[in-house]
$ cat data_7.cif   # mmCIF, C-alpha atoms
data_model
loop_
_atom_site.label_atom_id
_atom_site.label_comp_id
_atom_site.auth_asym_id
_atom_site.auth_seq_id
_atom_site.Cartn_x
_atom_site.Cartn_y
_atom_site.Cartn_z
CA MET M 1 47.39 -17.33 -4.44
CA ASN M 2 49.74 -14.33 -4.61
CA LEU M 3 47.92 -13.12 -7.73
CA LEU M 4 44.58 -13.32 -5.90
CA ARG M 5 45.96 -11.29 -2.97
CA PHE M 6 47.35 -8.73 -5.38
CA LYS M 7 43.91 -8.37 -7.04
CA LEU M 8 42.22 -7.91 -3.68
CA LEU M 9 44.82 -5.35 -2.63
CA LEU M 10 44.40 -3.46 -5.90
CA LYS M 11 40.63 -3.56 -5.55
CA ASN M 12 40.80 -2.13 -2.03
CA PHE M 13 43.19 0.58 -3.19
CA LEU M 14 41.13 1.69 -6.16
CA PRO M 15 37.86 3.48 -5.45
CA SER M 16 34.56 1.79 -6.21
CA SER M 17 32.22 3.24 -8.84
CA TYR M 18 30.15 4.81 -6.10
CA GLN M 19 33.17 6.32 -4.35
CA LEU M 20 34.45 7.58 -7.70
CA LYS M 21 31.11 9.27 -8.40
CA VAL M 22 31.14 10.85 -4.94
CA SER M 23 34.63 12.24 -5.51
CA LEU M 24 33.87 13.55 -8.99
CA THR M 25 30.63 15.15 -7.81
CA THR M 26 32.40 16.85 -4.90
CA ILE M 27 35.19 18.15 -7.16
CA LEU M 28 32.66 19.49 -9.67
CA ILE M 29 30.61 21.27 -7.00
CA ARG M 30 33.63 22.88 -5.31
CA THR M 31 35.26 23.85 -8.61
CA THR M 32 32.03 25.44 -9.79
CA TYR M 33 31.65 27.34 -6.52
CA ILE M 34 35.22 28.65 -6.62
CA GLY M 35 34.81 29.65 -10.26
CA ILE M 36 31.61 31.58 -9.54
CA VAL M 37 33.19 33.38 -6.57
CA PHE M 38 36.28 34.47 -8.53
CA THR M 39 34.19 35.52 -11.54
CA THR M 40 31.97 37.60 -9.26
CA TYR M 41 35.02 39.16 -7.58
CA TYR M 42 36.48 40.08 -10.98
CA PHE M 43 33.14 41.56 -12.10
CA VAL M 44 32.66 43.62 -8.90
CA LEU M 45 36.26 44.83 -8.91
CA LYS M 46 35.93 45.92 -12.53
CA HIS M 47 32.87 48.10 -11.82
CA ILE M 48 34.16 49.80 -8.66
CA PRO M 49 35.98 53.05 -9.45
CA ARG M 50 39.72 52.72 -8.97
CA ASN M 51 39.96 56.12 -7.34
CA MET M 52 37.60 55.05 -4.54
CA ALA M 53 39.30 54.50 -1.22
CA TYR M 54 39.59 50.88 -0.13
CA HIS M 55 38.10 49.65 -3.40
CA LEU M 56 39.85 46.26 -3.04
CA GLU M 57 38.56 45.76 0.48
CA LEU M 58 35.04 46.84 -0.57
CA ALA M 59 35.04 44.34 -3.44
CA LEU M 60 36.23 41.59 -1.12
CA VAL M 61 33.51 42.31 1.45
CA LEU M 62 30.77 42.45 -1.22
CA VAL M 63 31.85 39.20 -2.83
CA ALA M 64 32.23 37.45 0.54
CA ALA M 65 28.74 38.52 1.61
CA THR M 66 27.20 37.51 -1.73
CA SER M 67 29.01 34.17 -1.68
CA ILE M 68 27.72 33.31 1.79
CA VAL M 69 24.19 34.67 1.49
CA VAL M 70 23.41 33.83 -2.16
CA PHE M 71 25.90 31.49 -3.79
CA LEU M 72 26.40 29.03 -0.92
CA PRO M 73 22.67 28.12 -0.56
CA LEU M 74 22.37 27.83 -4.35
CA MET M 75 25.38 25.53 -4.52
CA GLU M 76 23.95 23.39 -1.73
CA ARG M 77 20.74 22.96 -3.71
CA PHE M 78 22.76 22.20 -6.83
CA ALA M 79 24.86 19.67 -4.93
CA LYS M 80 21.76 17.97 -3.53
CA LYS M 81 20.20 17.69 -6.97
CA LEU M 82 23.43 16.45 -8.52
CA ARG M 83 23.99 13.79 -5.88
CA THR M 84 20.40 12.62 -6.07
CA GLN M 85 20.63 12.39 -9.85
CA PHE M 86 23.97 10.64 -10.20
CA LEU M 87 24.31 8.86 -6.85
CA SER M 88 21.16 8.12 -4.90
CA GLU M 89 18.85 10.00 -2.60
CA TYR M 90 19.21 7.07 -0.19
CA LEU M 91 23.01 7.02 -0.23
CA THR M 92 23.81 10.72 -0.45
CA GLU M 93 25.83 12.24 2.36
CA ASP M 94 23.39 15.14 2.57
CA ALA M 95 21.39 14.60 5.77
CA GLU M 96 18.30 16.50 4.64
CA SER M 97 18.06 14.60 1.36
CA PHE M 98 18.47 11.34 3.22
CA ARG M 99 15.67 12.24 5.66
CA GLN M 100 13.36 13.16 2.79
CA ALA M 101 14.17 9.90 1.03
CA ILE M 102 13.45 7.88 4.16
CA LYS M 103 10.00 9.50 4.39
CA GLN M 104 9.28 8.19 0.89
CA PHE M 105 10.78 4.78 1.63
CA ASN M 106 8.04 2.31 0.71
CA TYR M 107 7.97 -1.27 -0.56
CA ASP M 108 8.13 -0.33 -4.25
CA ALA M 109 11.00 2.10 -3.64
CA LEU M 110 12.89 -0.64 -1.78
CA ILE M 111 12.73 -2.92 -4.81
CA LYS M 112 13.22 -0.39 -7.61
CA HIS M 113 15.72 2.05 -6.09
CA VAL M 114 17.17 1.06 -2.73
CA PHE M 115 18.12 -2.49 -3.65
CA PRO M 116 20.32 -1.48 -6.64
CA ASP M 117 21.85 1.30 -4.53
CA MET M 118 22.78 -1.13 -1.77
CA VAL M 119 24.50 -3.39 -4.29
CA LYS M 120 26.38 -0.44 -5.76
CA ILE M 121 27.63 0.87 -2.44
CA THR M 122 29.25 -2.49 -1.68
CA ALA M 123 31.13 -2.21 -5.02
CA SER M 124 29.59 -5.53 -6.06
CA HIS M 125 28.76 -6.45 -9.63
CA SER M 126 25.81 -8.62 -8.55
CA GLY M 127 23.40 -8.99 -5.65
CA THR M 128 20.30 -10.83 -4.48
CA MET M 129 17.65 -9.50 -2.14
CA ALA M 130 15.20 -11.70 -0.22
CA LEU M 131 11.88 -10.22 0.92
CA LEU M 132 9.53 -11.89 3.38
CA SER M 133 6.07 -12.20 1.80
CA PRO M 134 2.71 -12.11 3.61
CA ASN M 135 2.38 -15.91 3.33
CA GLY M 136 5.66 -16.44 5.21
CA THR M 137 7.91 -17.40 2.28
CA PHE M 138 10.73 -15.37 0.76
CA GLU M 139 10.59 -13.68 -2.63
CA PHE M 140 13.83 -12.84 -4.44
CA GLN M 141 15.07 -9.95 -6.56
CA THR M 142 18.37 -10.16 -8.43
CA TYR M 143 20.68 -7.44 -9.74
CA PHE M 144 23.54 -8.04 -12.15
CA ARG M 145 25.56 -5.30 -13.86
CA GLY M 146 22.72 -2.80 -13.98
CA ARG M 147 19.94 -5.29 -14.76
CA GLN M 148 17.32 -6.19 -12.21
CA LYS M 149 14.64 -8.88 -12.23
CA LYS M 150 12.40 -10.90 -9.96
CA LEU M 151 13.05 -14.62 -9.69
CA SER M 152 10.12 -16.82 -10.67
CA PRO M 153 8.65 -19.07 -7.92
CA THR M 154 10.13 -22.14 -9.59
CA LYS M 155 13.63 -20.69 -9.21
CA GLU M 156 13.28 -19.39 -5.68
CA ILE M 157 16.07 -20.19 -3.27
CA SER M 158 15.31 -22.20 -0.16
CA VAL M 159 15.89 -20.19 3.02
CA LYS M 160 16.28 -22.89 5.64
CA LEU M 161 15.54 -22.32 9.32
CA ASN M 162 19.16 -22.84 10.41
CA PHE M 163 20.26 -20.23 7.87
CA GLN M 164 17.66 -17.79 9.20
CA ASP M 165 18.90 -18.39 12.75
CA PHE M 166 22.47 -17.78 11.56
CA LEU M 167 21.50 -14.41 10.04
CA LYS M 168 19.55 -13.37 13.16
CA ASN M 169 22.79 -13.63 15.11
CA LYS M 170 24.70 -11.56 12.52
CA LYS M 171 23.13 -8.13 13.01
CA ASN M 172 26.13 -6.42 11.43
CA GLY M 173 26.30 -8.73 8.44
CA ALA M 174 28.25 -11.89 7.76
CA SER M 175 30.98 -12.74 5.25
CA VAL M 176 31.58 -16.11 3.68
CA THR M 177 34.73 -16.52 5.77
CA GLU M 178 32.52 -16.87 8.87
CA ALA M 179 30.80 -19.88 7.32
CA ILE M 180 33.89 -21.85 6.25
CA TYR M 181 33.53 -24.29 9.15
CA LEU M 182 29.74 -24.47 8.83
CA PRO M 183 29.13 -26.65 5.74
CA GLU M 184 25.34 -26.07 5.53
CA ILE M 185 25.67 -22.30 5.93
CA ASN M 186 28.54 -22.24 3.47
CA ASN M 187 26.29 -24.01 0.95
CA ASP M 188 23.69 -21.28 1.44
CA PHE M 189 26.30 -18.65 0.60
CA MET M 190 27.24 -20.61 -2.52
CA GLU M 191 23.59 -20.98 -3.56
CA LEU M 192 23.20 -17.19 -3.35
CA HIS M 193 26.55 -16.61 -5.12
CA ALA M 194 27.39 -14.34 -2.20
CA ASN M 195 30.52 -13.37 -0.33
CA TYR M 196 28.64 -11.11 2.06
CA ILE M 197 25.08 -11.07 3.46
CA TYR M 198 23.38 -8.35 5.49
CA PRO M 199 20.11 -9.27 7.26
CA PHE M 200 16.98 -7.08 7.50
CA LEU M 201 16.01 -7.44 11.17
CA PHE M 202 13.12 -5.86 13.04
CA ARG M 203 12.10 -6.89 16.57
CA GLU M 204 14.42 -9.88 16.39
CA LYS M 205 12.63 -11.22 13.30
CA LEU M 206 14.19 -11.73 9.88
CA PHE M 207 12.26 -9.84 7.17
CA GLY M 208 14.81 -10.38 4.41
CA PHE M 209 18.46 -9.93 3.56
CA LEU M 210 20.89 -8.59 0.98
CA ALA M 211 23.47 -10.95 -0.52
CA VAL M 212 26.29 -9.40 -2.58
CA SER M 213 29.38 -10.61 -4.39
CA ASN M 214 31.85 -8.31 -2.62
CA ILE M 215 32.76 -7.83 1.04
CA PRO M 216 32.14 -4.10 1.69
CA ASN M 217 34.38 -1.77 3.67
CA PRO M 218 33.35 -0.47 7.13
CA GLU M 219 31.95 2.78 5.72
CA ALA M 220 29.69 0.89 3.33
CA VAL M 221 28.59 -1.47 6.13
CA HIS M 222 27.54 1.52 8.22
CA THR M 223 25.35 2.83 5.40
CA LEU M 224 23.92 -0.66 4.85
CA SER M 225 22.95 -0.84 8.52
CA LEU M 226 20.81 2.30 8.14
CA LEU M 227 19.13 1.07 4.97
CA ALA M 228 18.70 -2.50 6.22
CA GLY M 229 16.84 -1.33 9.33
CA GLN M 230 14.51 0.82 7.24
CA SER M 231 14.08 -2.07 4.76
CA ALA M 232 12.97 -4.43 7.53
CA LEU M 233 10.44 -1.89 8.78
CA THR M 234 9.14 -1.34 5.24
CA ILE M 235 8.65 -5.08 4.65
CA HIS M 236 6.96 -5.40 8.04
CA ASN M 237 4.55 -2.57 7.18
CA ASN M 238 3.83 -4.09 3.77
CA ILE M 239 2.90 -7.43 5.35
CA LEU M 240 0.80 -5.68 7.98
CA SER M 241 -1.02 -3.61 5.36
CA PHE M 242 -1.73 -6.74 3.32
CA HIS M 243 -3.32 -8.55 6.25
CA ILE M 244 -5.33 -5.49 7.29
CA SER M 245 -6.61 -5.10 3.73
CA GLU M 246 -7.59 -8.77 3.57
CA ASN M 247 -9.15 -8.93 7.00
CA LYS M 248 -11.06 -5.71 6.42
CA LYS M 249 -13.19 -7.53 3.86
CA TYR M 250 -14.20 -10.21 6.31
CA ARG M 251 -14.62 -8.29 9.56
CA LYS M 252 -18.09 -8.14 11.05
CA GLU M 253 -19.40 -4.94 12.54
CA ALA M 254 -19.16 -5.44 16.32
CA GLU M 255 -21.80 -7.63 17.97
CA TYR M 256 -24.61 -6.75 15.59
CA ALA M 257 -22.92 -8.36 12.58
CA GLU M 258 -22.96 -11.68 14.46
CA ARG M 259 -26.66 -11.82 13.72
CA VAL M 260 -25.83 -13.13 10.26
CA GLN M 261 -25.27 -16.73 11.29
CA ASN M 262 -25.85 -18.26 7.91
CA LEU M 263 -24.48 -16.10 5.11
CA LEU M 264 -26.88 -17.61 2.58
CA GLU M 265 -30.05 -16.86 4.50
CA THR M 266 -32.09 -13.72 5.03
CA GLY M 267 -31.80 -11.78 8.25
CA THR M 268 -34.62 -11.96 10.82
CA ILE M 269 -37.93 -10.95 9.21
CA PRO M 270 -39.95 -8.61 11.45
CA GLU M 271 -43.54 -9.31 12.43
CA LEU M 272 -45.57 -6.22 11.56
CA PRO M 273 -49.35 -5.79 11.78
CA GLY M 274 -51.01 -6.64 8.49
CA TRP M 275 -47.76 -7.61 6.73
CA MET M 276 -46.76 -11.07 5.55
CA ILE M 277 -43.17 -11.30 4.28
CA LYS M 278 -41.81 -14.44 2.64
CA ALA M 279 -38.13 -15.02 1.87
CA TYR M 280 -37.14 -17.43 -0.91
CA PRO M 281 -33.94 -19.51 -1.01
CA ARG M 282 -31.21 -17.59 -2.79
CA SER M 283 -27.65 -18.04 -3.99
CA HIS M 284 -24.76 -16.48 -2.04
CA GLY M 285 -24.64 -13.64 -4.56
CA ASN M 286 -27.11 -11.52 -2.58
CA LEU M 287 -28.30 -10.89 0.97
CA VAL M 288 -31.24 -9.21 2.71
CA GLU M 289 -31.41 -7.31 5.98
CA PHE M 290 -34.34 -5.74 7.88
CA PHE M 291 -33.88 -2.99 10.46
CA GLN M 292 -35.47 0.03 12.11
CA VAL M 293 -34.21 3.61 11.76
CA GLU M 294 -34.31 6.54 14.15
CA ASP M 295 -38.06 7.27 13.91
CA GLY M 296 -39.00 3.59 14.32
CA SER M 297 -39.79 2.93 10.65
CA TRP M 298 -38.90 -0.47 9.23
CA PHE M 299 -36.52 -0.61 6.27
CA PHE M 300 -34.97 -3.44 4.32
CA VAL M 301 -31.97 -3.73 1.99
CA VAL M 302 -31.57 -6.27 -0.79
CA LEU M 303 -27.94 -6.27 -1.92
CA ASN M 304 -26.16 -8.01 -4.78
CA ALA M 305 -22.41 -7.46 -5.34
CA GLY M 306 -22.32 -8.64 -8.95
CA ARG M 307 -20.18 -11.71 -8.22
CA THR M 308 -20.78 -15.22 -6.95
CA TYR M 309 -17.38 -16.39 -5.78
CA GLN M 310 -16.87 -18.19 -2.51
CA HIS M 311 -16.36 -15.30 -0.07
CA ILE M 312 -18.96 -12.90 -1.44
CA GLY M 313 -21.35 -13.79 1.39
CA ILE M 314 -18.75 -12.69 3.95
CA ILE M 315 -18.32 -9.33 2.23
CA LEU M 316 -22.07 -8.77 1.90
CA SER M 317 -22.69 -9.74 5.52
CA TYR M 318 -20.03 -7.25 6.58
CA ILE M 319 -21.72 -4.45 4.65
CA LEU M 320 -25.19 -5.32 5.90
CA GLY M 321 -23.73 -5.66 9.39
CA VAL M 322 -22.47 -2.08 9.07
CA VAL M 323 -25.95 -0.92 8.02
CA TYR M 324 -27.63 -2.82 10.84
CA THR M 325 -25.17 -1.45 13.40
CA GLN M 326 -25.72 2.13 12.35
CA SER M 327 -29.49 1.61 12.52
CA GLN M 328 -29.21 0.27 16.07
CA LEU M 329 -27.16 3.32 17.03
CA ARG M 330 -29.97 5.46 15.65
CA VAL M 331 -27.63 7.09 13.13
CA LEU M 332 -29.67 6.31 10.01
CA LYS M 333 -32.74 8.38 9.25
CA GLY M 334 -33.85 7.36 5.77
CA PHE M 335 -33.07 6.34 2.21
CA THR M 336 -30.25 8.82 1.65
CA ASP M 337 -28.33 7.83 4.79
CA ILE M 338 -28.63 4.12 4.03
CA LYS M 339 -27.53 4.50 0.41
CA THR M 340 -24.59 6.73 1.36
CA LEU M 341 -23.45 4.29 4.07
CA ILE M 342 -23.47 1.34 1.63
CA GLN M 343 -21.55 3.32 -1.01
CA THR M 344 -18.95 4.44 1.56
CA THR M 345 -18.48 0.90 2.86
CA PHE M 346 -17.91 -0.49 -0.63
CA GLN M 347 -15.32 2.26 -1.22
CA LYS M 348 -13.48 1.34 1.99
CA LEU M 349 -13.29 -2.25 0.75
CA ASP M 350 -11.80 -1.01 -2.56
CA TRP M 351 -14.64 -2.77 -4.37
CA LYS M 352 -14.16 -2.28 -8.14
CA ASP M 353 -17.13 -4.28 -9.47
CA ARG M 354 -20.65 -3.00 -9.93
CA TYR M 355 -23.21 -3.78 -7.26
CA GLU M 356 -27.00 -3.58 -7.23
CA LEU M 357 -29.37 -2.82 -4.42
CA ILE M 358 -32.93 -2.17 -3.38
CA ILE M 359 -33.71 -0.04 -0.35
CA GLY M 360 -37.27 -0.37 0.85
CA LYS M 361 -39.53 1.04 3.56
CA MET M 362 -42.76 -0.55 4.83
CA GLY M 363 -45.56 1.92 5.50
CA TYR M 364 -49.09 1.21 6.67
CA SER M 365 -50.35 -0.30 3.41
CA GLU M 366 -47.68 0.65 0.94
CA LEU M 367 -44.06 0.03 0.08
CA TYR M 368 -41.54 2.77 -0.69
CA VAL M 369 -38.56 1.49 -2.68
CA VAL M 370 -35.44 2.80 -4.38
CA GLN M 371 -33.96 0.44 -6.95
CA GLU M 372 -30.48 0.43 -8.55
CA GLY M 373 -29.49 -2.32 -10.97
CA LEU M 374 -30.94 -3.84 -14.11
CA GLN M 375 -31.04 -7.40 -12.71
CA PHE M 376 -33.58 -6.50 -10.04
CA HIS M 377 -37.30 -6.38 -10.83
CA ILE M 378 -40.18 -5.37 -8.59
CA THR M 379 -43.45 -6.80 -9.91
CA ARG M 380 -47.06 -7.37 -8.84
CA GLU M 381 -47.85 -11.06 -8.63
CA SER M 382 -51.58 -10.87 -9.46
CA TYR M 383 -51.12 -8.74 -12.60
CA ASN M 384 -48.94 -11.04 -14.73
CA GLU M 385 -45.85 -9.76 -13.00
CA GLU M 386 -46.42 -6.13 -13.87
CA VAL M 387 -43.29 -4.01 -13.17
CA VAL M 388 -44.26 -1.47 -10.52
CA ALA M 389 -40.98 0.39 -9.81
CA SER M 390 -38.63 2.54 -11.88
CA ILE M 391 -34.85 2.43 -11.52
CA GLY M 392 -33.25 5.38 -9.75
CA TRP M 393 -36.47 6.86 -8.36
CA LYS M 394 -38.21 6.62 -5.02
CA ASN M 395 -41.34 4.60 -5.83
CA MET M 396 -44.51 4.39 -3.74
CA ILE M 397 -46.24 1.06 -4.32
CA SER M 398 -49.79 0.55 -3.05
CA MET M 399 -50.54 -2.91 -1.68
CA GLU M 400 -54.26 -2.76 -2.47
CA LYS M 401 -53.97 -4.64 -5.80
CA GLY M 402 -52.07 -7.65 -4.51
CA PRO M 403 -48.70 -9.03 -3.35
CA ILE M 404 -45.37 -7.58 -4.50
CA LEU M 405 -42.43 -9.74 -5.64
CA ILE M 406 -38.76 -8.74 -5.66
CA LEU M 407 -36.78 -10.77 -8.17
CA HIS M 408 -33.14 -10.92 -9.18
CA ALA M 409 -32.27 -12.35 -12.59
CA GLY M 410 -35.82 -13.75 -12.77
CA LYS M 411 -35.62 -15.59 -9.43
CA PRO M 412 -37.81 -14.45 -6.50
CA ILE M 413 -36.10 -13.14 -3.39
CA LEU M 414 -38.88 -11.57 -1.29
CA LYS M 415 -42.66 -11.49 -1.38
CA PHE M 416 -44.67 -8.80 0.42
CA THR M 417 -48.37 -9.23 1.15
CA PHE M 418 -50.59 -6.82 3.09
CA GLN M 419 -53.88 -7.99 4.57
CA ASP M 420 -56.39 -5.56 6.05
CA GLY M 421 -60.16 -5.76 6.61
CA ALA M 422 -60.65 -2.55 4.60
CA PHE M 423 -59.49 -4.35 1.44
CA GLY M 424 -61.46 -7.35 2.01
#
$ encode --input "data_7.cif" --output "structure tokens"
Amino acid sequence: MNLLRFKLLLKNFLPSSYQLKVSLTTILIRTTYIGIVFTTYYFVLKHIPRNMAYHLELALVLVAATSIVVFLPLMERFAKKLRTQFLSEYLTEDAESFRQAIKQFNYDALIKHVFPDMVKITASHSGTMALLSPNGTFEFQTYFRGRQKKLSPTKEISVKLNFQDFLKNKKNGASVTEAIYLPEINNDFMELHANYIYPFLFREKLFGFLAVSNIPNPEAVHTLSLLAGQSALTIHNNILSFHISENKKYRKEAEYAERVQNLLETGTIPELPGWMIKAYPRSHGNLVEFFQVEDGSWFFVVLNAGRTYQHIGIILSYILGVVYTQSQLRVLKGFTDIKTLIQTTFQKLDWKDRYELIIGKMGYSELYVVQEGLQFHITRESYNEEVVASIGWKNMISMEKGPILILHAGKPILKFTFQDGAFG
């Protein structure tokens, strides 16, 4: 027991690796500054004529002015760079560097840089960090003697509710001595191999914690409090960003997107004089929407996103809902506006796969179509499925010679027929 106390006393007396680096860095900076000042004074004094009155005073004034105006700012920049390089931009005592680091404090920086720094400042040889994930569970990162890794899901530690409640009430951290008479909490400390735990709290919610092998001194605890608060906010923002990104794919565009009741069916087909439009059953890999633009012309969009997984219909309905909304607001004017709007919406969804589309306009007795995608084909039914549209161009298709079919991968999607007494 006496040997253990002696070791603890010796450990408290000796500086930690971080404190040692701080001291050595400070000594180096100040020694360098003093050396530069004296060298400059010697150089100036050597080049001032000895017979000049007050040459010593003049040299002193020149060196003092140069040291304050030139050397001091340069040494501050050197000190900032040195501390950032050998210590940490998050733990440096320089306020400006710390503010800049906080601005760049994101989720990746928390894992790669801040976590090891927090372990180091507590003078611990090992540490574990728990991070709240978007699904509500905790993910763990470990650090041991300079090596860092993420624990696999099969090795994750159970963070029980009573342990979370315990940490919520320990805003300034908790040592293992506070859990001696709480067997369950003490077991949690043992499972984490921790003697000290600092929680990451934001709005009274636990977003993670740092568990280390050493009980830090008050100065280190103060620094941990700053970093822990920022860590909680960073984890909160990461979870929020994840849910926004996910929900963005499934949102419908205001009240107009609610028109798509069944994601596997075509939108309402308009009744236009002379036109007969038939929609065929399709898979959930594509959708169709009809709408009017600013001048009253009727357009349609046939869209295929290149995939057929479960939620593709939701994504396509969102995009077509955007198109329909803009048409109702009289924003769209023609082919270019519709195509640009679809491209922009896919970009906002971070869609990486190829997609195919047909944009069409119904005239009096002709169709105008723009086609993109090799899987689509626009053919004439009465002429052995003659292809009547070229990819990438605006095609004008006369309806005089018979109905027009739009197919995807050989399966019909839409059929357009125009009946007029003049053709009869």
$ closest_residue --input "data_7.cif" --among "M:Val293, M:Leu167, M:Ile342, M:Ala409" --to "Lys361 (chain M)" --atoms "only C-alpha atoms"
M:Val293
$ residues_around --input "data_7.cif" --residues "Tyr364 (chain M)" --least-positions-apart "5" --cutoff "12 Å" --atoms "only C-alpha atoms" --output "VMD selection string"
chain M and resid 272 to 275 297 to 298 396 to 400 417 to 420
$ closest_residue --input "data_7.cif" --among "M:Thr340, M:Asn169, M:Ser158, M:Ser241" --to "Phe140 (chain M)" --atoms "all atoms listed in the file"
M:Ser158
$ closest_residue --input "data_7.cif" --among "M:Val44, M:Leu56, M:Leu110, M:Val323" --to "Leu233 (chain M)" --atoms "all atoms listed in the file"
M:Leu110
$ atom_distance --input "data_7.cif" --atom1 "CA of Ala123 (chain M)" --atom2 "CA of Arg145 (chain M)"
10.9 Å
$ closest_residue --input "data_7.cif" --among "M:Thr268, M:Gln347, M:Asn172, M:Ser213" --to "Gly229 (chain M)" --atoms "all atoms listed in the file"
M:Asn172
$ resolve_selection --input "data_7.cif" --expression "the PyMOL selection byres ((chain M and resi 214-217) around 6)" --output "PyMOL selection string"
chain M and resi 122+124+195-196+212-213+218-220
$ closest_residue --input "data_7.cif" --among "M:Phe291, M:Phe209, M:Phe43, M:Tyr33" --to "Ile68 (chain M)" --atoms "only C-alpha atoms"
M:Tyr33
$ resolve_selection --input "data_7.cif" --expression "the PyMOL selection byres ((chain M and resi 335-337) around 9)" --output "mmCIF file with C-alpha atoms, in the frame of the given file"
data_model
loop_
_atom_site.group_PDB
_atom_site.id
_atom_site.type_symbol
_atom_site.label_atom_id
_atom_site.label_comp_id
_atom_site.auth_asym_id
_atom_site.auth_seq_id
_atom_site.Cartn_x
_atom_site.Cartn_y
_atom_site.Cartn_z
ATOM 1 C CA PHE M 299 -36.520 -0.610 6.270
ATOM 2 C CA VAL M 331 -27.630 7.090 13.130
ATOM 3 C CA LEU M 332 -29.670 6.310 10.010
ATOM 4 C CA LYS M 333 -32.740 8.380 9.250
ATOM 5 C CA GLY M 334 -33.850 7.360 5.770
ATOM 6 C CA ILE M 338 -28.630 4.120 4.030
ATOM 7 C CA LYS M 339 -27.530 4.500 0.410
ATOM 8 C CA THR M 340 -24.590 6.730 1.360
ATOM 9 C CA LEU M 341 -23.450 4.290 4.070
ATOM 10 C CA ILE M 342 -23.470 1.340 1.630
ATOM 11 C CA ILE M 359 -33.710 -0.040 -0.350
ATOM 12 C CA GLY M 360 -37.270 -0.370 0.850
ATOM 13 C CA LYS M 361 -39.530 1.040 3.560
ATOM 14 C CA VAL M 369 -38.560 1.490 -2.680
ATOM 15 C CA VAL M 370 -35.440 2.800 -4.380
ATOM 16 C CA LYS M 394 -38.210 6.620 -5.020
#
$ atom_distance --input "data_7.cif" --atom1 "CA of Gln343 (chain M)" --atom2 "CA of Leu405 (chain M)"
25.1 Å
$ build_atoms --input "data_7.cif" --residues "region 34-44 of chain M" --atoms "N, CA, C and O atoms" --output "PDB file, keeping the file's coordinate frame"
ATOM      1  N   ILE M  34      34.040  27.778  -6.592  1.00  0.00           N
ATOM      2  CA  ILE M  34      35.220  28.650  -6.620  1.00  0.00           C
ATOM      3  C   ILE M  34      35.223  29.503  -7.883  1.00  0.00           C
ATOM      4  O   ILE M  34      35.529  30.705  -7.846  1.00  0.00           O
ATOM      5  N   GLY M  35      34.860  28.905  -9.009  1.00  0.00           N
ATOM      6  CA  GLY M  35      34.810  29.650 -10.260  1.00  0.00           C
ATOM      7  C   GLY M  35      33.807  30.788 -10.213  1.00  0.00           C
ATOM      8  O   GLY M  35      34.077  31.895 -10.695  1.00  0.00           O
ATOM      9  N   ILE M  36      32.639  30.532  -9.651  1.00  0.00           N
ATOM     10  CA  ILE M  36      31.610  31.580  -9.540  1.00  0.00           C
ATOM     11  C   ILE M  36      32.080  32.706  -8.637  1.00  0.00           C
ATOM     12  O   ILE M  36      31.893  33.897  -8.938  1.00  0.00           O
ATOM     13  N   VAL M  37      32.720  32.348  -7.515  1.00  0.00           N
ATOM     14  CA  VAL M  37      33.190  33.380  -6.570  1.00  0.00           C
ATOM     15  C   VAL M  37      34.251  34.266  -7.225  1.00  0.00           C
ATOM     16  O   VAL M  37      34.184  35.507  -7.136  1.00  0.00           O
ATOM     17  N   PHE M  38      35.229  33.667  -7.902  1.00  0.00           N
ATOM     18  CA  PHE M  38      36.280  34.470  -8.530  1.00  0.00           C
ATOM     19  C   PHE M  38      35.731  35.302  -9.690  1.00  0.00           C
ATOM     20  O   PHE M  38      36.152  36.455  -9.898  1.00  0.00           O
ATOM     21  N   THR M  39      34.803  34.754 -10.444  1.00  0.00           N
ATOM     22  CA  THR M  39      34.190  35.520 -11.540  1.00  0.00           C
ATOM     23  C   THR M  39      33.434  36.719 -10.996  1.00  0.00           C
ATOM     24  O   THR M  39      33.507  37.831 -11.554  1.00  0.00           O
ATOM     25  N   THR M  40      32.712  36.506  -9.887  1.00  0.00           N
ATOM     26  CA  THR M  40      31.970  37.600  -9.260  1.00  0.00           C
ATOM     27  C   THR M  40      32.930  38.664  -8.725  1.00  0.00           C
ATOM     28  O   THR M  40      32.681  39.883  -8.846  1.00  0.00           O
ATOM     29  N   TYR M  41      34.039  38.198  -8.120  1.00  0.00           N
ATOM     30  CA  TYR M  41      35.020  39.160  -7.580  1.00  0.00           C
ATOM     31  C   TYR M  41      35.610  39.999  -8.719  1.00  0.00           C
ATOM     32  O   TYR M  41      35.749  41.226  -8.597  1.00  0.00           O
ATOM     33  N   TYR M  42      35.919  39.351  -9.830  1.00  0.00           N
ATOM     34  CA  TYR M  42      36.480  40.080 -10.980  1.00  0.00           C
ATOM     35  C   TYR M  42      35.451  41.077 -11.513  1.00  0.00           C
ATOM     36  O   TYR M  42      35.787  42.222 -11.856  1.00  0.00           O
ATOM     37  N   PHE M  43      34.194  40.685 -11.586  1.00  0.00           N
ATOM     38  CA  PHE M  43      33.140  41.560 -12.100  1.00  0.00           C
ATOM     39  C   PHE M  43      32.929  42.769 -11.181  1.00  0.00           C
ATOM     40  O   PHE M  43      32.801  43.918 -11.641  1.00  0.00           O
ATOM     41  N   VAL M  44      32.871  42.518  -9.863  1.00  0.00           N
ATOM     42  CA  VAL M  44      32.660  43.620  -8.900  1.00  0.00           C
ATOM     43  C   VAL M  44      33.846  44.574  -8.921  1.00  0.00           C
ATOM     44  O   VAL M  44      33.683  45.807  -8.906  1.00  0.00           O
TER      45      VAL M  44
END
